[in-house]
Each structure stands twice: as structure tokens, then as C-alpha cells.
$ cat protein_3.txt   # compact mmCIF, C-alpha atoms and all ligand atoms
# COMPACT_ATOMS: atom_id res chain seq x y z
CA MET A 249 5.34 -3.50 6.42
CA SER A 250 4.76 -7.04 7.48
CA GLY A 251 1.73 -6.81 9.72
CA GLY A 252 1.90 -10.10 11.55
CA PRO A 253 -1.03 -11.50 13.47
CA SER A 254 0.16 -10.85 17.03
CA LEU A 255 0.07 -7.13 17.71
CA ARG A 256 1.12 -5.47 20.90
CA ARG A 257 -1.81 -3.64 22.42
CA VAL A 258 0.41 -0.73 23.42
CA PRO A 259 3.79 0.37 22.12
CA ALA A 260 6.90 -0.89 23.86
CA ALA A 261 8.17 1.29 26.70
CA ASP A 262 10.70 3.14 24.54
CA LEU A 263 7.88 4.38 22.34
CA GLU A 264 5.73 5.67 25.19
CA SER A 265 7.63 8.94 24.95
CA VAL A 266 6.52 9.63 21.35
CA GLU A 267 3.90 12.34 21.72
CA SER A 268 1.06 12.97 19.31
CA ASP A 269 1.37 16.08 17.13
CA PRO A 270 -0.44 18.62 19.36
CA ALA A 271 -1.63 20.77 16.44
CA LEU A 272 -3.10 17.73 14.67
CA VAL A 273 -4.80 16.50 17.85
CA ALA A 274 -6.31 19.97 18.34
CA LYS A 275 -7.54 19.99 14.74
CA ILE A 276 -9.23 16.56 14.96
CA ARG A 277 -10.63 17.37 18.41
CA ALA A 278 -12.15 20.61 17.05
CA VAL A 279 -13.87 18.62 14.26
CA ILE A 280 -15.28 16.17 16.84
CA GLU A 281 -16.46 18.95 19.16
CA ARG A 282 -18.17 20.66 16.25
CA ASP A 283 -19.69 17.65 14.42
CA GLY A 284 -19.71 14.85 17.01
CA PRO A 285 -17.70 11.62 16.74
CA VAL A 286 -16.10 11.14 13.30
CA THR A 287 -15.82 7.94 11.31
CA PHE A 288 -12.54 6.14 11.76
CA ALA A 289 -11.91 6.72 8.04
CA ARG A 290 -12.08 10.49 8.62
CA PHE A 291 -9.76 10.19 11.64
CA MET A 292 -7.28 8.10 9.60
CA GLU A 293 -7.47 10.51 6.69
CA LEU A 294 -6.53 13.41 8.97
CA ALA A 295 -3.89 11.43 10.87
CA LEU A 296 -2.12 10.33 7.68
CA TYR A 297 -2.92 12.95 5.05
CA ASP A 298 -3.82 16.27 6.69
CA ALA A 299 -1.95 18.75 4.49
CA ASP A 300 -0.15 20.43 7.40
CA HIS A 301 0.30 17.68 9.97
CA GLY A 302 -0.54 14.26 8.49
CA TYR A 303 1.97 11.44 8.89
CA TYR A 304 2.56 11.16 5.14
CA ARG A 305 2.76 14.92 4.74
CA SER A 306 5.74 15.31 7.05
CA ALA A 307 9.18 16.55 6.01
CA ALA A 308 10.66 13.47 7.71
CA ALA A 309 11.51 10.53 5.45
CA ARG A 310 8.80 7.89 5.48
CA PRO A 311 8.83 5.10 4.82
CA GLY A 312 12.49 4.18 4.69
CA ARG A 313 15.47 2.76 6.46
CA HIS A 314 15.25 5.50 9.07
CA GLY A 315 11.48 5.66 9.06
CA ASP A 316 8.87 3.62 10.84
CA PHE A 317 8.90 0.56 8.60
CA LEU A 318 10.61 -0.78 5.51
CA THR A 319 8.74 -1.59 2.33
CA ALA A 320 10.16 -3.98 -0.29
CA PRO A 321 11.38 -1.19 -2.64
CA GLU A 322 13.01 0.55 0.32
CA ALA A 323 14.57 -2.69 1.57
CA HIS A 324 16.65 -3.30 -1.58
CA PRO A 325 16.79 -2.25 -5.27
CA ILE A 326 16.48 -5.91 -6.24
CA PHE A 327 12.70 -5.45 -5.92
CA GLY A 328 12.66 -2.65 -8.52
CA ARG A 329 14.94 -4.69 -10.78
CA ALA A 330 12.48 -7.59 -10.70
CA ILE A 331 9.57 -5.23 -11.46
CA ALA A 332 11.57 -3.98 -14.48
CA ARG A 333 11.30 -7.50 -15.92
CA HIS A 334 7.58 -7.42 -15.33
CA ALA A 335 7.32 -4.05 -17.11
CA ALA A 336 9.26 -5.51 -20.05
CA ASP A 337 6.83 -8.45 -20.19
CA VAL A 338 3.83 -6.10 -20.17
CA TRP A 339 5.43 -4.06 -22.95
CA ALA A 340 5.97 -7.20 -25.03
CA ALA A 341 2.36 -8.30 -24.39
CA LEU A 342 1.17 -4.90 -25.67
CA GLY A 343 3.12 -5.42 -28.92
CA ARG A 344 5.99 -3.10 -27.87
CA THR A 345 3.66 -0.15 -27.98
CA ASP A 346 5.12 3.39 -28.10
CA PRO A 347 4.41 5.37 -25.98
CA PHE A 348 4.55 2.98 -23.03
CA SER A 349 3.96 4.48 -19.60
CA ILE A 350 4.52 3.25 -16.07
CA ARG A 351 2.28 5.00 -13.58
CA GLU A 352 3.23 4.38 -9.96
CA PHE A 353 0.82 5.32 -7.18
CA GLY A 354 2.49 6.09 -3.85
CA ALA A 355 5.84 6.51 -5.59
CA GLY A 356 7.40 8.12 -2.50
CA SER A 357 10.93 9.31 -3.13
CA GLY A 358 11.67 6.88 -5.97
CA ALA A 359 12.91 3.71 -4.28
CA LEU A 360 11.08 1.65 -6.91
CA ALA A 361 11.41 4.02 -9.88
CA GLN A 362 15.19 4.31 -9.89
CA PRO A 363 16.24 0.63 -9.92
CA LEU A 364 13.35 -0.18 -12.25
CA LEU A 365 14.45 2.39 -14.85
CA GLU A 366 18.14 1.51 -14.43
CA ARG A 367 17.39 -2.14 -14.98
CA LEU A 368 15.36 -1.42 -18.08
CA ALA A 369 18.34 0.46 -19.49
CA ALA A 370 20.55 -2.57 -18.83
CA GLU A 371 18.17 -5.37 -19.83
CA THR A 372 15.60 -3.88 -22.23
CA PRO A 373 17.21 -0.79 -23.81
CA ASP A 374 14.52 -0.48 -26.51
CA LEU A 375 11.93 -0.02 -23.79
CA ALA A 376 14.21 2.18 -21.67
CA ALA A 377 14.48 4.56 -24.63
CA ILE A 378 10.74 5.16 -24.89
CA VAL A 379 9.32 4.53 -21.40
CA ARG A 380 7.59 7.38 -19.57
CA TYR A 381 7.46 7.23 -15.80
CA ARG A 382 4.52 8.91 -14.12
CA ALA A 383 4.86 9.12 -10.35
CA VAL A 384 1.75 9.81 -8.28
CA GLU A 385 2.41 10.82 -4.69
CA VAL A 386 0.29 12.83 -2.27
CA GLU A 387 3.26 14.61 -0.67
CA PRO A 388 4.96 17.12 -3.04
CA ARG A 389 8.23 16.98 -1.05
CA ARG A 390 8.50 13.24 -1.74
CA HIS A 391 7.90 13.95 -5.41
CA ASP A 392 10.70 16.55 -5.43
CA GLU A 393 13.00 13.97 -3.84
CA LEU A 394 12.04 11.47 -6.55
CA ARG A 395 12.74 14.03 -9.27
CA ALA A 396 16.16 14.84 -7.77
CA ARG A 397 16.98 11.16 -7.36
CA LEU A 398 16.20 10.35 -10.98
CA ALA A 399 18.14 13.42 -12.12
CA ASP A 400 21.20 12.26 -10.15
CA ALA A 401 20.89 8.87 -11.83
CA GLY A 402 20.72 10.48 -15.29
CA LEU A 403 17.08 9.44 -15.67
CA ALA A 404 15.33 12.83 -15.44
CA ASP A 405 14.14 12.65 -19.04
CA ARG A 406 12.09 9.50 -18.33
CA LEU A 407 9.88 11.30 -15.78
CA GLU A 408 6.70 12.79 -17.13
CA ASP A 409 4.13 14.99 -15.39
CA ASP A 410 1.03 12.97 -14.74
CA ASP A 411 -2.45 14.26 -15.56
CA ARG A 412 -3.97 10.81 -14.71
CA GLY A 413 -5.02 10.61 -18.35
CA PRO A 414 -5.43 7.17 -19.95
CA ILE A 415 -2.16 5.36 -20.64
CA ALA A 416 -1.03 2.22 -22.40
CA GLY A 417 1.32 0.46 -20.03
CA LEU A 418 1.73 -0.67 -16.46
CA VAL A 419 0.06 0.83 -13.40
CA ILE A 420 1.57 -0.20 -10.09
CA ALA A 421 0.80 0.48 -6.43
CA ASN A 422 2.95 -1.12 -3.75
CA GLU A 423 1.60 -0.87 -0.19
CA VAL A 424 -0.80 1.93 -1.06
CA LEU A 425 -4.18 0.25 -0.54
CA ASP A 426 -3.39 -0.65 3.07
CA ALA A 427 -2.85 3.05 3.77
CA LEU A 428 -6.25 4.14 2.42
CA PRO A 429 -8.57 5.43 5.18
CA THR A 430 -10.81 2.66 6.46
CA HIS A 431 -14.02 2.45 8.47
CA ARG A 432 -14.20 0.23 11.56
CA VAL A 433 -17.16 -1.88 12.60
CA ILE A 434 -18.09 -4.29 15.38
CA ARG A 435 -20.97 -6.74 15.80
CA ARG A 436 -23.03 -6.41 19.02
CA GLY A 437 -26.06 -8.54 19.82
CA GLY A 438 -26.65 -9.43 16.18
CA GLU A 439 -26.35 -5.81 15.00
CA LEU A 440 -23.59 -4.24 12.94
CA ARG A 441 -22.26 -1.16 14.74
CA GLU A 442 -19.79 1.40 13.50
CA VAL A 443 -16.81 2.37 15.65
CA ARG A 444 -16.35 6.12 15.41
CA VAL A 445 -13.77 8.33 17.11
CA GLY A 446 -14.82 10.62 19.95
CA TRP A 447 -12.98 12.73 22.52
CA ALA A 448 -13.29 12.16 26.29
CA GLU A 449 -11.11 13.04 29.24
CA GLY A 450 -8.30 14.38 27.12
CA ALA A 451 -7.99 11.46 24.70
CA PHE A 452 -9.48 9.98 21.56
CA VAL A 453 -11.89 7.12 22.34
CA ASP A 454 -13.96 4.56 20.44
CA VAL A 455 -17.65 5.45 20.18
CA GLU A 456 -20.01 2.75 18.90
CA GLY A 457 -23.16 3.71 17.03
CA GLU A 458 -25.38 3.08 14.02
CA PRO A 459 -23.35 2.73 10.78
CA GLU A 460 -23.41 6.07 9.00
CA ASN A 461 -23.10 4.73 5.51
CA PRO A 462 -25.27 1.83 4.23
CA ALA A 463 -22.36 0.81 1.99
CA LEU A 464 -20.65 -0.73 5.05
CA ARG A 465 -23.40 -3.28 5.54
CA GLN A 466 -23.85 -3.76 1.80
CA ARG A 467 -20.14 -4.55 1.29
CA LEU A 468 -20.19 -7.27 3.95
CA GLU A 469 -23.50 -8.69 2.69
CA ARG A 470 -22.25 -8.82 -0.90
CA GLU A 471 -19.21 -10.74 0.30
CA GLY A 472 -21.36 -13.15 2.35
CA ILE A 473 -19.65 -12.07 5.58
CA HIS A 474 -21.37 -12.47 8.95
CA LEU A 475 -19.24 -11.13 11.75
CA ALA A 476 -19.37 -13.01 15.05
CA ASP A 477 -20.71 -11.25 18.12
CA GLY A 478 -18.01 -8.95 19.50
CA GLN A 479 -15.86 -9.27 16.37
CA ARG A 480 -14.17 -6.07 15.19
CA ALA A 481 -13.31 -5.47 11.55
CA GLU A 482 -12.27 -2.81 9.06
CA VAL A 483 -14.21 -2.03 5.89
CA CYS A 484 -12.31 0.13 3.42
CA LEU A 485 -14.88 1.88 1.23
CA ALA A 486 -12.12 4.10 -0.23
CA ILE A 487 -11.00 1.17 -2.39
CA ASP A 488 -14.00 1.71 -4.69
CA GLU A 489 -13.33 5.37 -5.38
CA TRP A 490 -9.60 4.77 -5.73
CA MET A 491 -10.20 2.00 -8.25
CA ASP A 492 -12.59 4.17 -10.29
CA VAL A 493 -9.79 6.72 -10.81
CA VAL A 494 -7.06 4.15 -11.37
CA ALA A 495 -9.03 2.06 -13.86
CA ALA A 496 -10.11 5.15 -15.83
CA GLY A 497 -6.40 5.90 -16.28
CA LEU A 498 -5.60 2.53 -17.86
CA GLU A 499 -6.60 2.40 -21.50
CA ARG A 500 -4.59 -0.73 -22.25
CA GLY A 501 -2.24 -2.76 -20.13
CA LEU A 502 -1.91 -4.13 -16.62
CA LEU A 503 -2.72 -2.92 -13.11
CA LEU A 504 -0.48 -4.49 -10.47
CA LEU A 505 -1.33 -4.10 -6.78
CA ILE A 506 0.88 -5.44 -4.02
CA ASP A 507 -0.25 -5.41 -0.41
CA TYR A 508 -0.81 -7.40 2.74
CA GLY A 509 -4.28 -8.77 2.04
CA HIS A 510 -6.68 -11.68 2.14
CA ALA A 511 -9.87 -12.88 0.49
CA ALA A 512 -12.87 -11.57 2.46
CA SER A 513 -13.71 -15.03 3.88
CA ASP A 514 -10.22 -15.17 5.37
CA LEU A 515 -9.89 -11.49 6.34
CA TYR A 516 -13.15 -11.59 8.30
CA ASP A 517 -12.72 -15.07 9.78
CA PRO A 518 -13.56 -14.54 13.48
CA ARG A 519 -11.23 -17.35 14.57
CA ARG A 520 -8.24 -15.80 12.81
CA ARG A 521 -8.80 -12.05 13.19
CA PRO A 522 -11.37 -11.36 15.93
CA GLU A 523 -9.92 -7.87 16.54
CA GLY A 524 -9.51 -6.90 12.87
CA THR A 525 -6.19 -5.95 11.33
CA LEU A 526 -5.74 -2.28 12.09
CA ALA A 527 -2.09 -1.74 12.97
CA ALA A 528 0.09 1.21 13.89
CA TYR A 529 3.76 1.36 12.92
CA LEU A 530 6.15 3.42 14.95
CA ARG A 531 9.95 3.21 14.77
CA GLN A 532 9.97 -0.31 13.30
CA GLN A 533 7.54 -1.62 15.93
CA VAL A 534 3.92 -2.54 15.50
CA HIS A 535 1.04 -2.14 17.94
CA ASP A 536 -2.72 -1.67 17.74
CA ASP A 537 -3.47 1.71 19.32
CA PRO A 538 -4.34 4.28 16.65
CA TYR A 539 -4.87 7.02 19.22
CA ARG A 540 -1.23 7.27 20.32
CA ALA A 541 1.48 9.25 18.54
CA VAL A 542 -1.18 10.72 16.23
CA GLY A 543 0.51 12.15 13.13
CA ARG A 544 3.78 10.46 14.10
CA GLN A 545 2.91 6.83 13.40
CA ASP A 546 1.65 5.03 10.32
CA LEU A 547 -1.78 3.38 10.32
CA THR A 548 -2.69 0.46 8.09
CA ALA A 549 -5.28 -2.27 7.69
CA HIS A 550 -4.98 -5.43 5.64
CA VAL A 551 -6.56 -5.28 2.22
CA ASP A 552 -9.84 -7.00 1.34
CA VAL A 553 -8.74 -8.73 -1.88
CA THR A 554 -12.34 -9.71 -2.70
CA ALA A 555 -13.38 -6.04 -2.59
CA VAL A 556 -10.43 -5.02 -4.77
CA GLU A 557 -11.28 -7.69 -7.35
CA ALA A 558 -14.95 -6.62 -7.39
CA ALA A 559 -14.03 -2.94 -7.81
CA ALA A 560 -11.65 -3.72 -10.67
CA GLU A 561 -14.19 -5.88 -12.47
CA ARG A 562 -16.90 -3.24 -11.99
CA ASN A 563 -14.57 -0.88 -13.84
CA GLY A 564 -14.21 -3.25 -16.78
CA LEU A 565 -10.79 -4.63 -15.86
CA SER A 566 -10.36 -8.38 -16.13
CA HIS A 567 -8.85 -10.34 -13.30
CA VAL A 568 -5.57 -11.79 -14.54
CA ALA A 569 -4.21 -13.38 -11.36
CA THR A 570 -3.90 -13.09 -7.63
CA THR A 571 -0.71 -14.62 -6.32
CA THR A 572 1.83 -14.09 -3.55
CA GLN A 573 4.82 -11.77 -3.69
CA SER A 574 7.00 -14.81 -3.15
CA GLN A 575 5.72 -16.56 -6.29
CA PHE A 576 5.70 -13.35 -8.28
CA LEU A 577 9.35 -12.57 -7.52
CA ALA A 578 10.37 -16.18 -8.14
CA GLY A 579 8.65 -16.08 -11.55
CA LEU A 580 10.58 -12.94 -12.43
CA GLY A 581 13.89 -14.62 -11.62
CA ALA A 582 14.71 -12.70 -8.46
CA GLY A 583 17.10 -15.58 -7.65
CA ASP A 584 19.20 -14.79 -10.78
CA LEU A 585 19.27 -11.13 -9.81
CA LEU A 586 20.78 -12.20 -6.52
CA VAL A 587 23.32 -14.56 -8.10
CA GLU A 588 24.42 -11.73 -10.34
CA LEU A 589 25.38 -9.76 -7.23
CA GLN A 590 27.68 -12.63 -6.28
CA THR A 591 29.34 -13.01 -9.65
CA GLY A 592 28.95 -9.70 -11.53
CA PRO A 593 31.81 -7.25 -12.12
CA ASP A 594 30.90 -5.16 -9.03
CA ALA A 595 30.32 -8.18 -6.77
CA SER A 596 31.24 -7.94 -3.10
CA LEU A 597 30.43 -10.30 -0.29
CA GLU A 598 28.93 -7.51 1.79
CA ALA A 599 26.58 -6.33 -0.98
CA TYR A 600 25.57 -9.89 -1.71
CA LEU A 601 24.75 -10.70 1.91
CA GLU A 602 22.74 -7.49 2.28
CA ALA A 603 20.75 -8.29 -0.86
CA ARG A 604 20.24 -11.88 0.22
CA SER A 605 18.81 -10.96 3.58
CA ALA A 606 16.51 -8.35 1.99
CA LEU A 607 15.34 -10.86 -0.63
CA VAL A 608 14.68 -13.48 2.05
CA ARG A 609 12.32 -11.01 3.78
CA MET A 610 10.64 -10.25 0.45
CA ILE A 611 9.97 -13.93 -0.27
CA ASP A 612 9.49 -15.31 3.26
CA PRO A 613 5.77 -16.27 3.45
CA ALA A 614 5.72 -15.18 7.11
CA ALA A 615 7.03 -11.73 6.13
CA MET A 616 6.51 -9.83 2.86
CA GLY A 617 6.48 -13.00 0.74
CA GLY A 618 2.89 -13.54 1.86
CA PHE A 619 1.77 -10.21 0.41
CA ARG A 620 -0.88 -10.53 -2.27
CA VAL A 621 0.00 -9.55 -5.81
CA MET A 622 -3.22 -8.73 -7.65
CA ALA A 623 -3.15 -8.21 -11.41
CA PHE A 624 -5.92 -6.84 -13.62
CA GLY A 625 -5.78 -6.24 -17.35
CA ARG A 626 -7.41 -4.38 -20.16
CA GLY A 627 -6.72 -5.28 -23.79
CA ILE A 628 -3.74 -7.44 -22.93
CA ASP A 629 -2.87 -11.12 -23.41
CA PRO A 630 -1.24 -11.99 -20.07
CA SER A 631 0.12 -15.40 -21.12
CA GLY A 632 3.73 -14.16 -21.41
CA LEU A 633 3.88 -12.47 -18.01
CA ARG A 634 6.53 -14.51 -16.17
CA GLY A 635 5.71 -13.16 -12.71
CA LEU A 636 2.13 -14.39 -12.95
CA ALA A 637 2.72 -17.65 -14.83
CA SER A 638 2.43 -19.92 -11.77
CA ALA A 639 -0.86 -18.31 -10.72
CA ARG A 640 -2.80 -18.93 -13.91
C1 LIG A 701 3.19 2.63 2.83
S1 LIG A 701 3.67 3.93 1.79
C2 LIG A 701 4.33 3.03 0.41
C3 LIG A 701 5.29 3.83 -0.43
C4 LIG A 701 5.95 3.08 -1.59
N1 LIG A 701 4.98 2.63 -2.55
C5 LIG A 701 6.79 1.93 -1.10
O1 LIG A 701 6.43 0.79 -1.33
O2 LIG A 701 7.83 2.20 -0.48
C6 LIG A 701 2.12 4.50 1.17
C7 LIG A 701 2.30 5.61 0.16
O3 LIG A 701 1.10 5.82 -0.57
C8 LIG A 701 0.91 7.21 -0.74
N2 LIG A 701 -0.53 7.39 -1.04
C9 LIG A 701 -1.58 7.19 -0.24
N3 LIG A 701 -2.74 7.42 -0.87
C10 LIG A 701 -2.41 7.75 -2.13
C11 LIG A 701 -3.16 8.09 -3.27
N4 LIG A 701 -4.49 8.16 -3.25
N5 LIG A 701 -2.48 8.38 -4.40
C12 LIG A 701 -1.15 8.32 -4.44
N6 LIG A 701 -0.38 8.00 -3.38
C13 LIG A 701 -1.00 7.73 -2.24
C14 LIG A 701 1.42 7.80 0.56
O4 LIG A 701 1.74 9.16 0.47
C15 LIG A 701 2.68 6.94 0.76
O5 LIG A 701 3.80 7.44 0.09

$ encode --input "protein_3.txt" --output "C-alpha cells"
Amino acid sequence: MSGGPSLRRVPAADLESVESDPALVAKIRAVIERDGPVTFARFMELALYDADHGYYRSAAARPGRHGDFLTAPEAHPIFGRAIARHAADVWAALGRTDPFSIREFGAGSGALAQPLLERLAAETPDLAAIVRYRAVEVEPRRHDELRARLADAGLADRLEDDDRGPIAGLVIANEVLDALPTHRVIRRGGELREVRVGWAEGAFVDVEGEPENPALRQRLEREGIHLADGQRAEVCLAIDEWMDVVAAGLERGLLLLIDYGHAASDLYDPRRRPEGTLAAYLRQQVHDDPYRAVGRQDLTAHVDVTAVEAAAERNGLSHVATTTQSQFLAGLGAGDLLVELQTGPDASLEAYLEARSALVRMIDPAAMGGFRVMAFGRGIDPSGLRGLASAR
């Protein structure tokens, strides 16, 4: 997802016909009628993750080529191949430890896992022989697809059930943090207000009120953020809880997070993002109305990198580097991986051009190349990590 700054306020005409999931709307409406307006985080949690109707719990493929947006792993296997080099560097930095695990949050149907493991087999066979892949995904159907995909590729024996127990290795989450449920706030007359979700005249509506949770105000104060009057913003408190779990599962190694994000001073700059960054993705188009196509569109908000760094450090992880996806992929030699497609034994012009255009999107600073790559370590000397070399 490359959430650019200029969002359409409503979906293009061809998307007007996409209805919300009526059962999901009824469920959220019933909660509101019973308890009063809900936080936006609660609304987003139900819209994306409700076990029966949530966007990410659907049988339909998402994300993906035929889905609502394309992530880097889905765009081309060259991304997973580059991450394989990073995994090999982490393994070397941990003294070629055995066992070595890769835990991937939001693993989907294996678009990252497969090329990563295949590349390890080709480039770092010693690691390929011992690596254990632990895929964490909220939707069991996606996990079954991942299992079948790795089995078809002869990699089934690398997959290990994950109990979230502490590992030595690499933990990775690509475009997961931006899908965590977020709160929404707005400043009015010098006061911080929370934007909750109510129901009126047959539709979901914004309802402004006192912030429910003092942590909203505390987060912004800690970051030195003063919203301008009328400025809207998102505050993702779920980052803290997520990081507690993720950090507890990393005994030794590196945590790598990749997402569209900014330092708090930039994310909350009223001149740059007066309306916040909440975006809805529907059939490869982006707009800013979360109350349409409920359960049928993705919802995301840009990541507060300052909050992520603070949560990691609070959990005893040390900040290794924050860089861009563009620099990270360049450091891992993504250019050589492309050249190989031009000259290798299976080279074809068509495959090369497809890979080149996907890689351009991955490194273009105006597209996915501007994504933040955040790396945190525990018990690891990061000096040999090629992907992060230019950032330290
Ligand atoms: C935008 S998709 C990205 C999928 C994949 N990482 C990629 O880059 O193609 C977000 C994914 O994160 C998953 N997800 C969200 N919260 C999660 C959590 N707490 N633990 C594991 N996966 C989660 C969703 O089910 C979904 O597959």
C-alpha cells in the first residue's frame, strides 16, 4: 500500500456500488445501540478482524494481485529474495546459531516466506538446512494457504507451529502495524477530543467527545505534540501491546518492521497532514471514508515511528536503525537480484521487465521506497547487516 498524501474524499464512481457487509454493519450498529458510540479503534477492529465478517477474515484473497492493494512481497518475489540476504546476515551476526527461527507476523498466504526460503536454499544452504519458519497470521485460511504453498515448493519441513515462545533469529512484520486498530482524535478550542463512531440516519457517523483513555493525551504529550485547532490525527495505542508480545518472543536477534510511517513530529505536522492519515483501500483505489464498504475495504493509518521506537526500547530492545525501504533494499543488493533475472539461465525479457517495474515501485521514494524500515536488536552486533549499513 502506498498511501500518498492526496486522498479522495469518496471512492471513484465505479466503487460506489460496493456495499458494506450488511451482517457486519448490523453487528457494529448493535454494539453502538447497546453501549453508545464506540472508539474508532473498536470500529476498525470489527471492520478488519471480526471473526465472521472482518475484512481480513474473508475467504477472498487479500492482499494480492486481485485484492485491494499490492504489498511489496505480493508485488514480486524479489522482495523475499532480498530479505533472505538480511536473514543470512542476522544469522551470521548471531554466530550461525542453531536453531535459528524466522517469525513473520501477518504472513498472509506466504508471498514473503516462499521466495525467502527458496533463496536461502540457493544462497545460504547451511542456513536453509536449519531454519525454522514461524508464520503468525490472524486468519487460519491464509495460514492453510501458506502451508499448502510451502508444501508445493518442497519447503513444508521448514514450517514450524508457533507458540510465540522466545526465539533466536529474525522477527519480521511487513505492513502489519498500519493495520492495527487506531484511535482518532481532533483538537477543538484548545481541547483534545476523541472521534468515536456513532449511528445516525442509517449510517455510521463521527461523534466527538471527551477522550476515553488518558493514554491518548499522554502519548501526544510524551512526544511533544500539540495539534493545531481543527487538526485530526490517529493515535495507535495498540502498538504498545503488540510490541510487548513481539519483544517477549525475541530472546536474541533482530526485529524488522516495515511500514508507511513517520517520526511523530512529521506525522502530526498540521501543515502536512491536517486531516490525519487514515485511508481506505478498495479495488486498488484509495479514499478517506472508513464508513463505506465496511468489511469489504482495508483500513490503514500511517505508523508513528517515534511510538514504535519508544515501545521497543521500553521492552529492552535496542534501536539499531531506522531507514527507508529504498536504502534497505539497495544495501541488500536488490539491483544484483534484478540483473540476475536478465542474465541467469531462466532469463526472459518479459520476466525481467515485470521484476524491474515491481522493483522500481519498491524503491521509488514516492511509492513504497519511502516506507520506513525500523530495526531493533537484542544480543546482536548489527555491524554486518548490509541492509542497514547506510543508516548507521
Ligand atoms: C496489509 S496486510 C500485510 C500482509 C503481508 N505481510 C504482506 O506484506 O503482504 C496485514 C496483515 O497483517 C495481519 N495481522 C494484523 N494484525 C495481526 C497480528 N496482531 N498478528 C498477526 N498478523 C496480524 C492481517 O491478517 C494481514 O494479513

$ residues_near_ligand --input "protein_3.txt" --ligand "ligand LIG 701 (chain A)" --cutoff "6 Å" --atoms "all atoms listed in the file" --output "tab-separated table (two decimals) with C-alpha atoms, in the frame of the given file"
chain	number	residue	atom	x	y	z
A	304	TYR	CA	2.56	11.16	5.14
A	319	THR	CA	8.74	-1.59	2.33
A	321	PRO	CA	11.38	-1.19	-2.64
A	322	GLU	CA	13.01	0.55	0.32
A	353	PHE	CA	0.82	5.32	-7.18
A	354	GLY	CA	2.49	6.09	-3.85
A	355	ALA	CA	5.84	6.51	-5.59
A	356	GLY	CA	7.40	8.12	-2.50
A	384	VAL	CA	1.75	9.81	-8.28
A	385	GLU	CA	2.41	10.82	-4.69
A	386	VAL	CA	0.29	12.83	-2.27
A	387	GLU	CA	3.26	14.61	-0.67
A	422	ASN	CA	2.95	-1.12	-3.75
A	423	GLU	CA	1.60	-0.87	-0.19
A	424	VAL	CA	-0.80	1.93	-1.06
A	427	ALA	CA	-2.85	3.05	3.77
A	428	LEU	CA	-6.25	4.14	2.42

$ atom_distance --input "protein_3.txt" --atom1 "atom CA of Arg531 of chain A" --atom2 "atom CA of Ala299 of chain A"
22.1 Å

$ residues_around --input "protein_3.txt" --residues "segment 273-280 of chain A" --least-positions-apart "5" --cutoff "12 Å" --atoms "only C-alpha atoms" --output "mmCIF file with C-alpha atoms, keeping the file's coordinate frame"
data_model
loop_
_atom_site.group_PDB
_atom_site.id
_atom_site.type_symbol
_atom_site.label_atom_id
_atom_site.label_comp_id
_atom_site.auth_asym_id
_atom_site.auth_seq_id
_atom_site.Cartn_x
_atom_site.Cartn_y
_atom_site.Cartn_z
ATOM 1 C CA GLU A 267 3.900 12.340 21.720
ATOM 2 C CA SER A 268 1.060 12.970 19.310
ATOM 3 C CA PRO A 285 -17.700 11.620 16.740
ATOM 4 C CA VAL A 286 -16.100 11.140 13.300
ATOM 5 C CA THR A 287 -15.820 7.940 11.310
ATOM 6 C CA PHE A 288 -12.540 6.140 11.760
ATOM 7 C CA ARG A 290 -12.080 10.490 8.620
ATOM 8 C CA PHE A 291 -9.760 10.190 11.640
ATOM 9 C CA MET A 292 -7.280 8.100 9.600
ATOM 10 C CA GLU A 293 -7.470 10.510 6.690
ATOM 11 C CA LEU A 294 -6.530 13.410 8.970
ATOM 12 C CA ALA A 295 -3.890 11.430 10.870
ATOM 13 C CA LEU A 296 -2.120 10.330 7.680
ATOM 14 C CA ASP A 298 -3.820 16.270 6.690
ATOM 15 C CA ALA A 299 -1.950 18.750 4.490
ATOM 16 C CA ASP A 300 -0.150 20.430 7.400
ATOM 17 C CA HIS A 301 0.300 17.680 9.970
ATOM 18 C CA GLY A 302 -0.540 14.260 8.490
ATOM 19 C CA ARG A 444 -16.350 6.120 15.410
ATOM 20 C CA VAL A 445 -13.770 8.330 17.110
ATOM 21 C CA GLY A 446 -14.820 10.620 19.950
ATOM 22 C CA TRP A 447 -12.980 12.730 22.520
ATOM 23 C CA ALA A 448 -13.290 12.160 26.290
ATOM 24 C CA GLU A 449 -11.110 13.040 29.240
ATOM 25 C CA GLY A 450 -8.300 14.380 27.120
ATOM 26 C CA ALA A 451 -7.990 11.460 24.700
ATOM 27 C CA PHE A 452 -9.480 9.980 21.560
ATOM 28 C CA VAL A 453 -11.890 7.120 22.340
ATOM 29 C CA VAL A 455 -17.650 5.450 20.180
ATOM 30 C CA TYR A 539 -4.870 7.020 19.220
ATOM 31 C CA ARG A 540 -1.230 7.270 20.320
ATOM 32 C CA ALA A 541 1.480 9.250 18.540
ATOM 33 C CA VAL A 542 -1.180 10.720 16.230
ATOM 34 C CA GLY A 543 0.510 12.150 13.130
ATOM 35 C CA ARG A 544 3.780 10.460 14.100
#

$ closest_residue --input "protein_3.txt" --among "A:Ser349, A:Gln466, A:Gln573, A:Gln362" --to "Gly328 of chain A" --atoms "only C-alpha atoms"
A:Gln362

$ closest_residue --input "protein_3.txt" --among "A:Ala336, A:Ile420, A:Leu505, A:Ala341" --to "Ile378 of chain A" --atoms "all atoms listed in the file"
A:Ala336

$ closest_residue --input "protein_3.txt" --among "A:Val338, A:Ala558, A:Ala361, A:Val483" --to "Gly635 of chain A" --atoms "only C-alpha atoms"
A:Val338

$ atom_distance --input "protein_3.txt" --atom1 "atom CA of Val493 of chain A" --atom2 "atom CA of Ser566 of chain A"
16.0 Å

$ atom_distance --input "protein_3.txt" --atom1 "atom CA of Glu371 of chain A" --atom2 "atom CA of Arg329 of chain A"
9.6 Å

$ residues_near_point --input "protein_3.txt" --point "(-21.4, -13.2, 12.2)" --cutoff "10 Å" --atoms "all atoms listed in the file" --output "list in words"
Arg435, Arg436, Gly438, Glu439, Leu440, Gly472, Ile473, His474, Leu475, Ala476, Asp477, Gly478, Gln479, Tyr516, Asp517 and Pro518 of chain A
